[in-house]
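**Student:** File follows, target-v3.txt with compact mmCIF, C-alpha atoms:
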```txt
# COMPACT_ATOMS: atom_id res chain seq x y z
CA MET Z 1 0.00 0.00 0.00
CA LYS Z 2 2.92 2.32 0.71
CA ASP Z 3 4.34 1.52 -2.74
CA LEU Z 4 1.00 2.47 -4.30
CA GLN Z 5 0.99 5.69 -2.36
CA CYS Z 6 4.43 6.60 -3.72
CA PHE Z 7 3.45 5.54 -7.22
CA PHE Z 8 0.34 7.72 -7.32
CA TYR Z 9 2.13 10.65 -5.76
CA ASP Z 10 5.03 10.49 -8.26
CA TYR Z 11 2.60 10.08 -11.16
CA PHE Z 12 0.44 13.10 -10.25
CA THR Z 13 3.58 15.20 -9.64
CA SER Z 14 5.02 14.21 -13.02
CA ILE Z 15 1.99 15.51 -14.87
CA HIS Z 16 2.54 18.94 -13.35
CA ILE Z 17 -0.33 18.92 -10.83
CA SER Z 18 0.13 21.02 -7.73
CA GLU Z 19 1.38 19.30 -4.59
CA THR Z 20 -1.91 19.83 -2.72
CA ALA Z 21 -3.96 18.47 -5.62
CA SER Z 22 -1.56 15.52 -5.91
CA LYS Z 23 -2.09 14.70 -2.25
CA TYR Z 24 -5.91 14.80 -2.64
CA LEU Z 25 -5.89 12.69 -5.79
CA ASN Z 26 -3.48 10.30 -4.13
CA MET Z 27 -5.83 9.96 -1.13
CA PHE Z 28 -8.92 9.39 -3.32
CA CYS Z 29 -7.17 6.74 -5.40
CA LEU Z 30 -5.99 4.89 -2.30
CA LEU Z 31 -9.43 5.25 -0.76
CA LEU Z 32 -11.04 3.72 -3.84
CA ILE Z 33 -8.57 0.84 -3.79
CA LEU Z 34 -9.27 0.34 -0.06
CA ALA Z 35 -13.04 0.30 -0.68
CA VAL Z 36 -12.67 -2.34 -3.41
CA LEU Z 37 -10.33 -4.37 -1.20
CA ILE Z 38 -12.79 -4.18 1.73
CA TYR Z 39 -15.70 -5.23 -0.51
CA ILE Z 40 -13.81 -8.20 -1.96
CA THR Z 41 -12.49 -9.26 1.47
CA ASP Z 42 -15.93 -8.98 3.03
CA TYR Z 43 -17.56 -10.93 0.19
CA VAL Z 44 -14.95 -13.72 0.19
CA THR Z 45 -14.81 -14.01 3.99
CA ARG Z 46 -18.60 -14.04 4.23
CA LYS Z 47 -18.93 -16.74 1.58
CA ILE Z 48 -16.25 -18.93 3.15
CA LEU Z 49 -17.55 -18.55 6.71
CA VAL Z 50 -21.24 -18.94 5.87
CA ASN Z 51 -20.64 -21.99 3.64
CA ALA Z 52 -18.37 -23.57 6.25
CA PHE Z 53 -21.02 -23.06 8.96
CA ALA Z 54 -23.76 -24.38 6.65
CA LYS Z 55 -21.79 -27.56 5.85
CA PHE Z 56 -20.92 -28.09 9.51
CA SER Z 57 -24.53 -27.59 10.62
CA ASN Z 58 -25.78 -30.12 8.05
CA LYS Z 59 -23.44 -32.77 9.46
CA SER Z 60 -23.95 -32.06 13.16
CA LYS Z 61 -26.79 -33.62 15.17
CA THR Z 62 -27.72 -30.51 17.14
CA ASN Z 63 -29.81 -27.75 15.59
CA PHE Z 64 -27.99 -24.98 17.47
CA ASP Z 65 -25.55 -24.34 14.60
CA ASP Z 66 -28.46 -24.33 12.13
CA LEU Z 67 -30.05 -21.58 14.18
CA LEU Z 68 -26.74 -19.66 14.20
CA VAL Z 69 -26.84 -19.65 10.39
CA ASP Z 70 -30.54 -18.69 10.35
CA HIS Z 71 -29.87 -15.70 12.61
CA LYS Z 72 -26.87 -14.62 10.45
CA ALA Z 73 -24.23 -14.98 13.17
CA PRO Z 74 -21.50 -16.20 10.70
CA ARG Z 75 -22.34 -13.35 8.31
CA ASN Z 76 -21.94 -10.78 11.11
CA ILE Z 77 -18.70 -12.36 12.32
CA ALA Z 78 -17.32 -12.20 8.77
CA HIS Z 79 -17.47 -8.37 8.89
CA ILE Z 80 -14.67 -8.38 11.49
CA VAL Z 81 -12.00 -9.16 8.83
CA PRO Z 82 -12.68 -6.05 6.66
CA LEU Z 83 -12.76 -3.93 9.81
CA VAL Z 84 -9.32 -5.18 10.88
CA ILE Z 85 -7.93 -4.51 7.37
CA THR Z 86 -9.39 -1.00 7.41
CA ILE Z 87 -7.83 -0.24 10.81
CA LYS Z 88 -4.41 -1.42 9.54
CA ILE Z 89 -4.47 0.42 6.18
CA PHE Z 90 -6.33 3.69 6.76
CA PRO Z 91 -3.27 5.49 8.32
CA ILE Z 92 -1.49 5.01 4.98
CA VAL Z 93 -4.49 6.31 3.01
CA PHE Z 94 -4.69 9.48 5.09
CA TYR Z 95 -0.94 9.85 5.56
CA ASP Z 96 -0.94 13.35 4.05
CA PHE Z 97 -4.03 14.39 6.03
CA PRO Z 98 -3.34 13.49 9.68
CA HIS Z 99 -6.16 15.77 10.88
CA PHE Z 100 -8.64 13.29 9.32
CA GLU Z 101 -7.18 10.41 11.29
CA GLY Z 102 -8.93 11.29 14.57
CA TYR Z 103 -12.38 11.33 12.92
CA ILE Z 104 -11.75 8.08 11.06
CA VAL Z 105 -10.59 6.35 14.24
CA MET Z 106 -13.73 7.56 16.00
CA ILE Z 107 -16.00 6.27 13.19
CA LEU Z 108 -14.22 2.90 13.13
CA LYS Z 109 -14.54 2.53 16.90
CA VAL Z 110 -18.28 3.29 16.76
CA TYR Z 111 -18.67 0.81 13.88
CA GLY Z 112 -16.74 -1.78 15.91
CA VAL Z 113 -19.11 -1.31 18.88
CA ILE Z 114 -22.20 -1.61 16.63
CA LEU Z 115 -20.76 -4.71 14.92
CA THR Z 116 -20.09 -6.30 18.33
CA ILE Z 117 -23.69 -5.59 19.35
CA TRP Z 118 -25.01 -7.20 16.15
CA ILE Z 119 -22.86 -10.30 16.67
CA ILE Z 120 -23.99 -10.71 20.31
CA ARG Z 121 -27.59 -10.01 19.26
CA SER Z 122 -27.53 -12.78 16.64
CA VAL Z 123 -26.06 -15.19 19.21
CA LEU Z 124 -28.73 -14.24 21.79
CA GLN Z 125 -31.48 -14.72 19.20
CA THR Z 126 -29.99 -18.13 18.45
CA PHE Z 127 -30.12 -19.06 22.15
CA GLU Z 128 -33.72 -17.81 22.29
CA SER Z 129 -34.80 -19.99 19.37
CA TYR Z 130 -32.81 -22.97 20.69
CA PHE Z 131 -34.27 -22.78 24.20
CA LYS Z 132 -37.78 -22.69 22.74
CA THR Z 133 -37.14 -26.08 21.12
CA LEU Z 134 -36.35 -27.69 24.50
CA PRO Z 135 -39.47 -29.34 25.99
CA ARG Z 136 -38.67 -28.33 29.58
CA LEU Z 137 -38.36 -24.64 28.59
CA LYS Z 138 -41.26 -24.32 26.15
CA ASP Z 139 -43.57 -22.76 28.73
CA LYS Z 140 -40.92 -20.41 30.18
CA PRO Z 141 -40.76 -16.67 29.32
CA ILE Z 142 -37.49 -16.97 27.36
CA ASP Z 143 -38.33 -13.81 25.39
CA SER Z 144 -38.27 -11.74 28.59
CA TYR Z 145 -34.75 -12.84 29.54
CA ILE Z 146 -33.38 -12.29 26.05
CA GLN Z 147 -35.01 -8.87 25.84
CA VAL Z 148 -33.50 -7.88 29.19
CA ALA Z 149 -30.05 -8.96 27.98
CA MET Z 150 -30.58 -7.04 24.73
CA LEU Z 151 -31.73 -3.98 26.63
CA PHE Z 152 -28.57 -3.93 28.74
CA LEU Z 153 -26.48 -4.61 25.63
CA TRP Z 154 -27.98 -1.68 23.73
CA VAL Z 155 -27.69 0.65 26.73
CA ILE Z 156 -24.01 -0.23 27.20
CA GLY Z 157 -23.40 -0.03 23.44
CA PHE Z 158 -25.13 3.35 23.14
CA ALA Z 159 -23.23 4.69 26.15
CA THR Z 160 -19.94 3.42 24.69
CA CYS Z 161 -20.61 5.09 21.33
CA LEU Z 162 -21.54 8.33 23.08
CA ALA Z 163 -18.40 8.18 25.21
CA ILE Z 164 -16.32 7.69 22.04
CA LEU Z 165 -17.99 10.59 20.23
CA ILE Z 166 -17.50 13.06 23.09
CA ASP Z 167 -14.01 11.67 23.82
CA LEU Z 168 -14.76 10.73 27.41
CA SER Z 169 -13.59 7.64 29.29
CA PHE Z 170 -16.20 4.92 29.67
CA LEU Z 171 -16.00 4.92 33.49
CA LYS Z 172 -16.26 8.69 33.74
CA PHE Z 173 -19.19 8.70 31.32
CA PHE Z 174 -21.17 6.23 33.45
CA THR Z 175 -20.29 8.17 36.59
CA THR Z 176 -21.77 11.29 34.99
CA LEU Z 177 -24.74 9.25 33.82
CA GLY Z 178 -25.44 8.17 37.41
CA ALA Z 179 -26.48 11.73 38.24
CA ALA Z 180 -29.29 11.40 35.70
CA SER Z 181 -30.47 8.03 37.06
CA ALA Z 182 -33.77 9.46 38.30
CA VAL Z 183 -34.64 10.62 34.79
CA LEU Z 184 -33.60 7.26 33.35
CA LEU Z 185 -35.77 5.42 35.89
CA LEU Z 186 -38.73 7.55 34.83
CA ILE Z 187 -38.08 6.90 31.12
CA PHE Z 188 -37.64 3.16 31.58
CA LYS Z 189 -40.35 2.76 34.25
CA ASP Z 190 -42.51 0.34 32.23
CA THR Z 191 -39.47 -1.64 31.12
CA ILE Z 192 -38.22 -2.00 34.70
CA LEU Z 193 -41.70 -2.98 35.93
CA GLY Z 194 -41.98 -5.50 33.11
CA PHE Z 195 -38.54 -6.92 33.89
CA VAL Z 196 -39.33 -7.38 37.59
CA ALA Z 197 -42.78 -8.79 36.76
CA SER Z 198 -41.42 -11.28 34.22
CA ILE Z 199 -38.94 -12.60 36.79
CA GLN Z 200 -41.70 -12.96 39.42
CA VAL Z 201 -44.03 -14.61 36.90
CA SER Z 202 -41.30 -17.12 36.06
CA ILE Z 203 -40.18 -17.81 39.65
CA ASN Z 204 -43.73 -18.11 41.03
CA ASP Z 205 -44.91 -20.01 37.95
CA THR Z 206 -47.90 -17.64 37.74
CA VAL Z 207 -48.41 -17.94 33.99
CA ARG Z 208 -46.87 -20.23 31.40
CA ILE Z 209 -46.99 -20.21 27.62
CA GLY Z 210 -49.96 -22.37 26.67
CA ASP Z 211 -52.02 -21.51 29.77
CA TRP Z 212 -55.66 -20.58 29.27
CA ILE Z 213 -56.28 -17.35 31.17
CA THR Z 214 -59.26 -15.03 31.56
CA MET Z 215 -58.74 -11.35 32.38
CA ASP Z 216 -61.94 -9.32 32.05
CA LYS Z 217 -60.22 -5.96 32.51
CA TYR Z 218 -58.30 -6.41 29.26
CA GLY Z 219 -60.91 -8.51 27.46
CA ALA Z 220 -58.60 -11.53 27.42
CA ASP Z 221 -60.01 -15.05 27.28
CA GLY Z 222 -57.72 -17.54 25.57
CA ASP Z 223 -54.28 -19.14 25.46
CA VAL Z 224 -51.01 -17.40 26.32
CA ILE Z 225 -48.83 -17.50 23.19
CA GLU Z 226 -45.94 -15.25 24.24
CA ILE Z 227 -44.45 -13.77 27.40
CA ASN Z 228 -41.91 -11.02 26.86
CA LEU Z 229 -40.43 -8.10 28.77
CA SER Z 230 -43.34 -5.69 28.34
CA THR Z 231 -46.42 -7.72 27.41
CA ILE Z 232 -48.13 -11.07 27.65
CA GLN Z 233 -49.87 -11.99 24.39
CA VAL Z 234 -53.12 -13.92 24.61
CA GLN Z 235 -54.84 -15.44 21.59
CA ASN Z 236 -58.54 -15.29 22.39
CA PHE Z 237 -60.93 -18.01 21.31
CA ASP Z 238 -62.31 -15.68 18.63
CA MET Z 239 -58.74 -15.64 17.18
CA THR Z 240 -58.08 -12.03 18.20
CA ILE Z 241 -54.88 -11.10 20.06
CA THR Z 242 -54.88 -9.26 23.40
CA ASN Z 243 -51.72 -7.69 24.82
CA ILE Z 244 -51.60 -7.50 28.62
CA PRO Z 245 -48.83 -5.55 30.40
CA THR Z 246 -46.61 -8.10 32.15
CA TYR Z 247 -46.79 -6.25 35.47
CA ALA Z 248 -50.61 -6.28 35.31
CA ILE Z 249 -50.53 -10.04 35.95
CA LEU Z 250 -49.15 -9.26 39.42
CA THR Z 251 -51.32 -6.22 40.21
CA ASP Z 252 -54.71 -7.17 38.71
CA SER Z 253 -56.87 -10.24 39.21
CA PHE Z 254 -57.14 -12.88 36.50
CA LYS Z 255 -58.20 -16.50 36.21
CA ASN Z 256 -55.74 -19.20 35.16
CA TRP Z 257 -57.45 -22.41 34.02
CA ARG Z 258 -54.26 -24.49 34.28
CA GLY Z 259 -55.49 -26.13 37.49
CA MET Z 260 -58.60 -27.36 35.69
CA GLN Z 261 -56.59 -28.59 32.71
CA SER Z 262 -54.20 -30.53 34.91
CA SER Z 263 -56.97 -31.97 37.11
CA GLY Z 264 -59.17 -34.99 36.46
CA GLY Z 265 -62.16 -33.10 35.10
CA ARG Z 266 -63.86 -29.86 34.14
CA ARG Z 267 -66.62 -28.58 36.39
CA ILE Z 268 -70.28 -28.56 35.40
CA LYS Z 269 -72.22 -26.15 37.58
CA ARG Z 270 -75.63 -25.19 36.23
CA ALA Z 271 -79.15 -25.07 37.62
CA LEU Z 272 -82.67 -25.83 36.48
CA ILE Z 273 -85.20 -23.23 37.70
CA LEU Z 274 -88.39 -25.00 38.85
CA LYS Z 275 -91.75 -23.54 39.74
CA ALA Z 276 -92.13 -23.77 43.53
CA LYS Z 277 -95.91 -24.33 43.25
CA SER Z 278 -95.31 -27.52 41.23
CA VAL Z 279 -93.61 -29.18 44.26
CA HIS Z 280 -95.95 -31.54 46.17
CA TYR Z 281 -96.14 -34.74 48.22
CA LEU Z 282 -96.44 -38.03 46.35
CA THR Z 283 -99.36 -40.36 46.85
CA ASP Z 284 -98.95 -44.15 46.84
CA ALA Z 285 -100.41 -44.28 43.34
CA GLN Z 286 -97.89 -41.74 42.06
CA ILE Z 287 -95.03 -43.61 43.74
CA GLU Z 288 -96.11 -46.85 42.06
CA ASP Z 289 -96.18 -45.06 38.74
CA LEU Z 290 -92.64 -43.67 39.26
CA LYS Z 291 -91.33 -47.15 40.10
CA ARG Z 292 -91.36 -47.85 36.39
CA ILE Z 293 -88.31 -45.57 36.07
CA GLU Z 294 -85.44 -48.05 36.34
CA LEU Z 295 -82.83 -45.76 37.89
CA ILE Z 296 -84.94 -45.09 40.98
CA SER Z 297 -87.19 -48.17 41.14
CA GLU Z 298 -85.17 -49.88 43.87
CA TYR Z 299 -84.68 -46.62 45.76
CA LEU Z 300 -88.44 -45.91 45.79
CA SER Z 301 -89.29 -49.40 47.03
CA GLN Z 302 -86.80 -49.22 49.90
CA ARG Z 303 -87.75 -45.65 50.74
CA GLN Z 304 -91.44 -46.49 50.73
CA LYS Z 305 -90.87 -49.37 53.17
CA ASP Z 306 -88.84 -47.16 55.54
CA ILE Z 307 -91.47 -44.42 55.51
CA PHE Z 308 -94.35 -46.88 56.01
CA SER Z 309 -92.51 -48.55 58.92
CA TYR Z 310 -91.83 -45.19 60.58
CA ASN Z 311 -95.39 -43.94 60.22
CA GLU Z 312 -96.87 -47.24 61.47
CA THR Z 313 -94.49 -47.35 64.48
CA HIS Z 314 -95.41 -43.79 65.45
CA GLU Z 315 -99.14 -44.34 64.69
CA VAL Z 316 -99.22 -41.39 62.30
CA ASP Z 317 -102.65 -40.32 61.04
CA LYS Z 318 -102.20 -40.59 57.27
CA SER Z 319 -105.72 -39.45 56.46
CA THR Z 320 -103.98 -36.11 55.92
CA LEU Z 321 -100.98 -36.47 53.61
CA ILE Z 322 -98.79 -33.91 55.36
CA ASN Z 323 -98.65 -35.97 58.57
CA GLY Z 324 -95.61 -38.12 59.24
CA ARG Z 325 -92.91 -38.81 56.71
CA ASN Z 326 -93.52 -38.49 52.96
CA MET Z 327 -91.78 -38.32 49.65
CA THR Z 328 -92.00 -35.27 47.38
CA ASN Z 329 -91.80 -35.18 43.62
CA LEU Z 330 -88.84 -32.75 43.88
CA GLY Z 331 -86.92 -35.05 46.25
CA VAL Z 332 -87.47 -38.05 43.98
CA PHE Z 333 -86.45 -36.02 40.90
CA ARG Z 334 -83.32 -34.88 42.72
CA LYS Z 335 -82.47 -38.52 43.51
CA TYR Z 336 -83.17 -39.50 39.89
CA MET Z 337 -80.83 -36.83 38.50
CA LEU Z 338 -78.11 -37.83 40.97
CA SER Z 339 -78.38 -41.47 39.85
CA TYR Z 340 -78.42 -40.40 36.21
CA ILE Z 341 -75.22 -38.35 36.57
CA GLN Z 342 -73.50 -41.06 38.63
CA ASN Z 343 -74.17 -43.50 35.79
CA HIS Z 344 -73.20 -41.09 33.01
CA SER Z 345 -70.13 -42.38 31.13
CA ALA Z 346 -68.63 -38.89 30.60
CA ILE Z 347 -68.62 -37.90 34.29
CA ASN Z 348 -65.55 -38.38 36.49
CA LYS Z 349 -66.81 -40.53 39.37
CA GLU Z 350 -63.78 -39.78 41.55
CA MET Z 351 -64.66 -36.08 41.83
CA SER Z 352 -67.58 -34.34 43.54
CA ILE Z 353 -71.07 -35.14 42.27
CA MET Z 354 -74.08 -33.32 43.68
CA VAL Z 355 -77.63 -32.39 42.81
CA ARG Z 356 -78.62 -29.73 45.32
CA GLN Z 357 -81.28 -27.15 46.00
CA LEU Z 358 -80.22 -23.53 46.08
CA GLU Z 359 -81.97 -20.75 47.93
CA PRO Z 360 -85.46 -20.10 46.53
CA THR Z 361 -85.77 -16.90 44.52
CA PRO Z 362 -88.72 -14.80 43.31
CA ASN Z 363 -88.15 -16.41 39.91
CA GLY Z 364 -88.34 -20.00 41.11
CA LEU Z 365 -86.49 -22.78 42.92
CA PRO Z 366 -82.98 -23.53 41.51
CA LEU Z 367 -81.93 -27.18 41.38
CA GLU Z 368 -78.19 -27.22 40.69
CA ILE Z 369 -76.23 -30.02 39.08
CA TYR Z 370 -72.61 -30.06 40.24
CA ALA Z 371 -70.19 -32.55 38.68
CA PHE Z 372 -66.99 -32.83 36.61
CA SER Z 373 -66.77 -34.04 33.02
CA SER Z 374 -63.88 -36.40 32.27
CA ASP Z 375 -63.27 -34.72 28.92
CA LYS Z 376 -61.92 -31.19 29.45
CA ARG Z 377 -61.85 -30.11 25.81
CA TRP Z 378 -64.19 -27.18 25.31
CA VAL Z 379 -66.34 -28.59 22.49
CA ASN Z 380 -66.71 -31.99 24.15
CA TYR Z 381 -67.36 -30.40 27.55
CA GLU Z 382 -70.19 -28.29 26.13
CA TYR Z 383 -71.65 -31.37 24.44
CA ILE Z 384 -71.59 -33.39 27.68
CA MET Z 385 -73.22 -30.59 29.65
CA ALA Z 386 -75.88 -30.07 26.99
CA ASP Z 387 -76.56 -33.81 26.91
CA ILE Z 388 -77.18 -33.88 30.68
CA PHE Z 389 -79.49 -30.88 30.64
CA ASP Z 390 -81.36 -32.05 27.56
CA HIS Z 391 -82.26 -35.13 29.55
CA ALA Z 392 -83.01 -33.22 32.76
CA ILE Z 393 -85.35 -30.75 31.06
CA ALA Z 394 -87.19 -33.56 29.30
CA ALA Z 395 -87.44 -35.60 32.53
CA VAL Z 396 -89.02 -32.83 34.61
CA SER Z 397 -92.55 -33.49 33.36
CA TYR Z 398 -92.37 -37.18 34.42
CA PHE Z 399 -92.21 -35.99 38.04
CA ASP Z 400 -95.09 -33.58 37.69
CA LEU Z 401 -92.72 -30.61 38.01
CA GLU Z 402 -92.63 -27.46 35.90
CA LEU Z 403 -89.77 -25.30 34.72
CA PHE Z 404 -89.98 -21.58 35.45
CA GLU Z 405 -90.33 -19.29 32.44
CA TYR Z 406 -91.48 -15.73 32.13
CA PRO Z 407 -94.93 -15.76 30.54
CA THR Z 408 -95.04 -14.93 26.85
CA GLN Z 409 -97.42 -12.40 25.32
CA TYR Z 410 -99.83 -15.04 24.01
CA PRO Z 411 -100.83 -16.65 27.36
CA ILE Z 412 -101.29 -13.19 28.92
CA LEU Z 413 -103.65 -12.11 26.15
CA LYS Z 414 -105.43 -15.45 26.30
CA LYS Z 415 -106.26 -14.93 29.96
```
Is it possible to express this structure as structure tokens?

**Tutor:**
Amino acid sequence: MKDLQCFFYDYFTSIHISETASKYLNMFCLLLILAVLIYITDYVTRKILVNAFAKFSNKSKTNFDDLLVDHKAPRNIAHIVPLVITIKIFPIVFYDFPHFEGYIVMILKVYGVILTIWIIRSVLQTFESYFKTLPRLKDKPIDSYIQVAMLFLWVIGFATCLAILIDLSFLKFFTTLGAASAVLLLIFKDTILGFVASIQVSINDTVRIGDWITMDKYGADGDVIEINLSTIQVQNFDMTITNIPTYAILTDSFKNWRGMQSSGGRRIKRALILKAKSVHYLTDAQIEDLKRIELISEYLSQRQKDIFSYNETHEVDKSTLINGRNMTNLGVFRKYMLSYIQNHSAINKEMSIMVRQLEPTPNGLPLEIYAFSSDKRWVNYEYIMADIFDHAIAAVSYFDLELFEYPTQYPILKK
């Protein structure tokens, strides 16, 4: 390069160009040669390094090196060679203009910092993608940790570039920056809150990727698809996406259905509303008629014997039905529904099963069915619940009971 410098200088002098012009032309020619050399070096180095990584990744069993290639880590590393060549040669190019040297050094240092950031960034992105392929880490907020690392990397990189540009030592620059920490805390308030929240979410296992959560405040009802530094993304069941601030998971209430999904069943908790005036005592004739229902035939026979024995022992006057012990149509229906659910193939028999009366209301008497379906999938769960209540609604009339409904316009006009 020094020989070229002398050659160009002698040539431009020989053609009777002024010394200053010769120096400028000499610099531009050397600069052009340096640019071509950098381009060729960068192209060749990039091709060699990328192809070598690609061949190595095809032969290796792990997919980590494949991800390095996908995230352009070899390509970024290849840019180091042209940078080193530039640092070695540029003093010769600007030999006649030493006042340019300080600016060029500054630009090269800044470029070196940015290149280092890009290399580390591609490696961090590779780790992020690789960790997401590991089964034990699939439900962890990997994005949050990588984003925190990237945030610190960019802050340090930006501070380093600024320190280079204002010609201040790195340590002194950060000491000066400490005085403005209050302002920085205010600017990065949401980021800091998100960082702290993401750590707490991970440590306490509050939310995982894949969890079904419901958060009415943000209109979220679906599966968590991403947890990062600032937000938790939820894909709702209508296929829309809701973004929830990460720190809101710790400060606001929400429902996580993971416990249900990992348990033995999904709860069915729904009530039939019966007319209170349709509830009455059963006569012997009505009991005999209900004995034809197989699920409660044995129960009615045994219950009838117990009641008859009690009333006879206590010499109860049964000329009036209310005296002594009796069966009601509601009690028998409740027993029937309990037997029906206990024999239902889609109900988990190892979990709670109840058919219970709730507090009477002005709109009727609620009879609640409480059980757990073995199948927790939403569509199947809804089908099982509908199947039970289809049967219950149809069975009500067999027990001389009535469901409560607000009267329609036609019966009111008819009266």

**Student:** With the cut-off set at 12 Å and counting all atoms listed in the file, tabulate each residue of range 222-274 of chain Z with an atom at most that distance from an atom of range 323-343 of chain Z, showing the nearest atom pair and its distance in Å to one decimal, ordered by chain and increasing number, as JSON lines.

**Tutor:**
```
{"residue": "Z:Ile268", "atom": "CA", "partner": "Z:Ile341", "partner_atom": "CA", "distance": 11.0}
{"residue": "Z:Ala271", "atom": "CA", "partner": "Z:Arg334", "partner_atom": "CA", "distance": 11.8}
{"residue": "Z:Leu272", "atom": "CA", "partner": "Z:Arg334", "partner_atom": "CA", "distance": 11.0}
{"residue": "Z:Ile273", "atom": "CA", "partner": "Z:Leu330", "partner_atom": "CA", "distance": 11.9}
{"residue": "Z:Leu274", "atom": "CA", "partner": "Z:Leu330", "partner_atom": "CA", "distance": 9.3}
```

**Student:** With distances taken over all atoms listed in the file, which residue among Z:Ile293, Z:Val113, Z:Ile322, Z:Ala371 lies nearest Tyr398 in chain Z?

**Tutor:**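 Smallest separation from Tyr398 in chain Z among the options: Z:Ile293.
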
**Student:** Would you give the centre and edge lengths, in Å to one decimal, of a box along x, y and z around the listed atoms of range 295-301 of chain Z, with 5 Å added to each side, as JSON?

**Tutor:**
```
{"center_x": -86.1, "center_y": -47.5, "center_z": 42.5, "size_x": 16.5, "size_y": 14.8, "size_z": 19.1}
```

**Student:** Between CA of Ile117 in chain Z and CA of Trp154 in chain Z, what is the spacing in Å?

**Tutor:** 7.3 Å

**Student:** Extract, using only C-alpha atoms, all DNA, RNA and protein residues at most 8 Å from range 238-242 of chain Z, discarding same-chain residues fewer than 3 positions from it, and format them as a list in words.

**Tutor:**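 Selected residues are Tyr218, Gly219, Ala220, Gln233, Val234 and Gln235 of chain Z.
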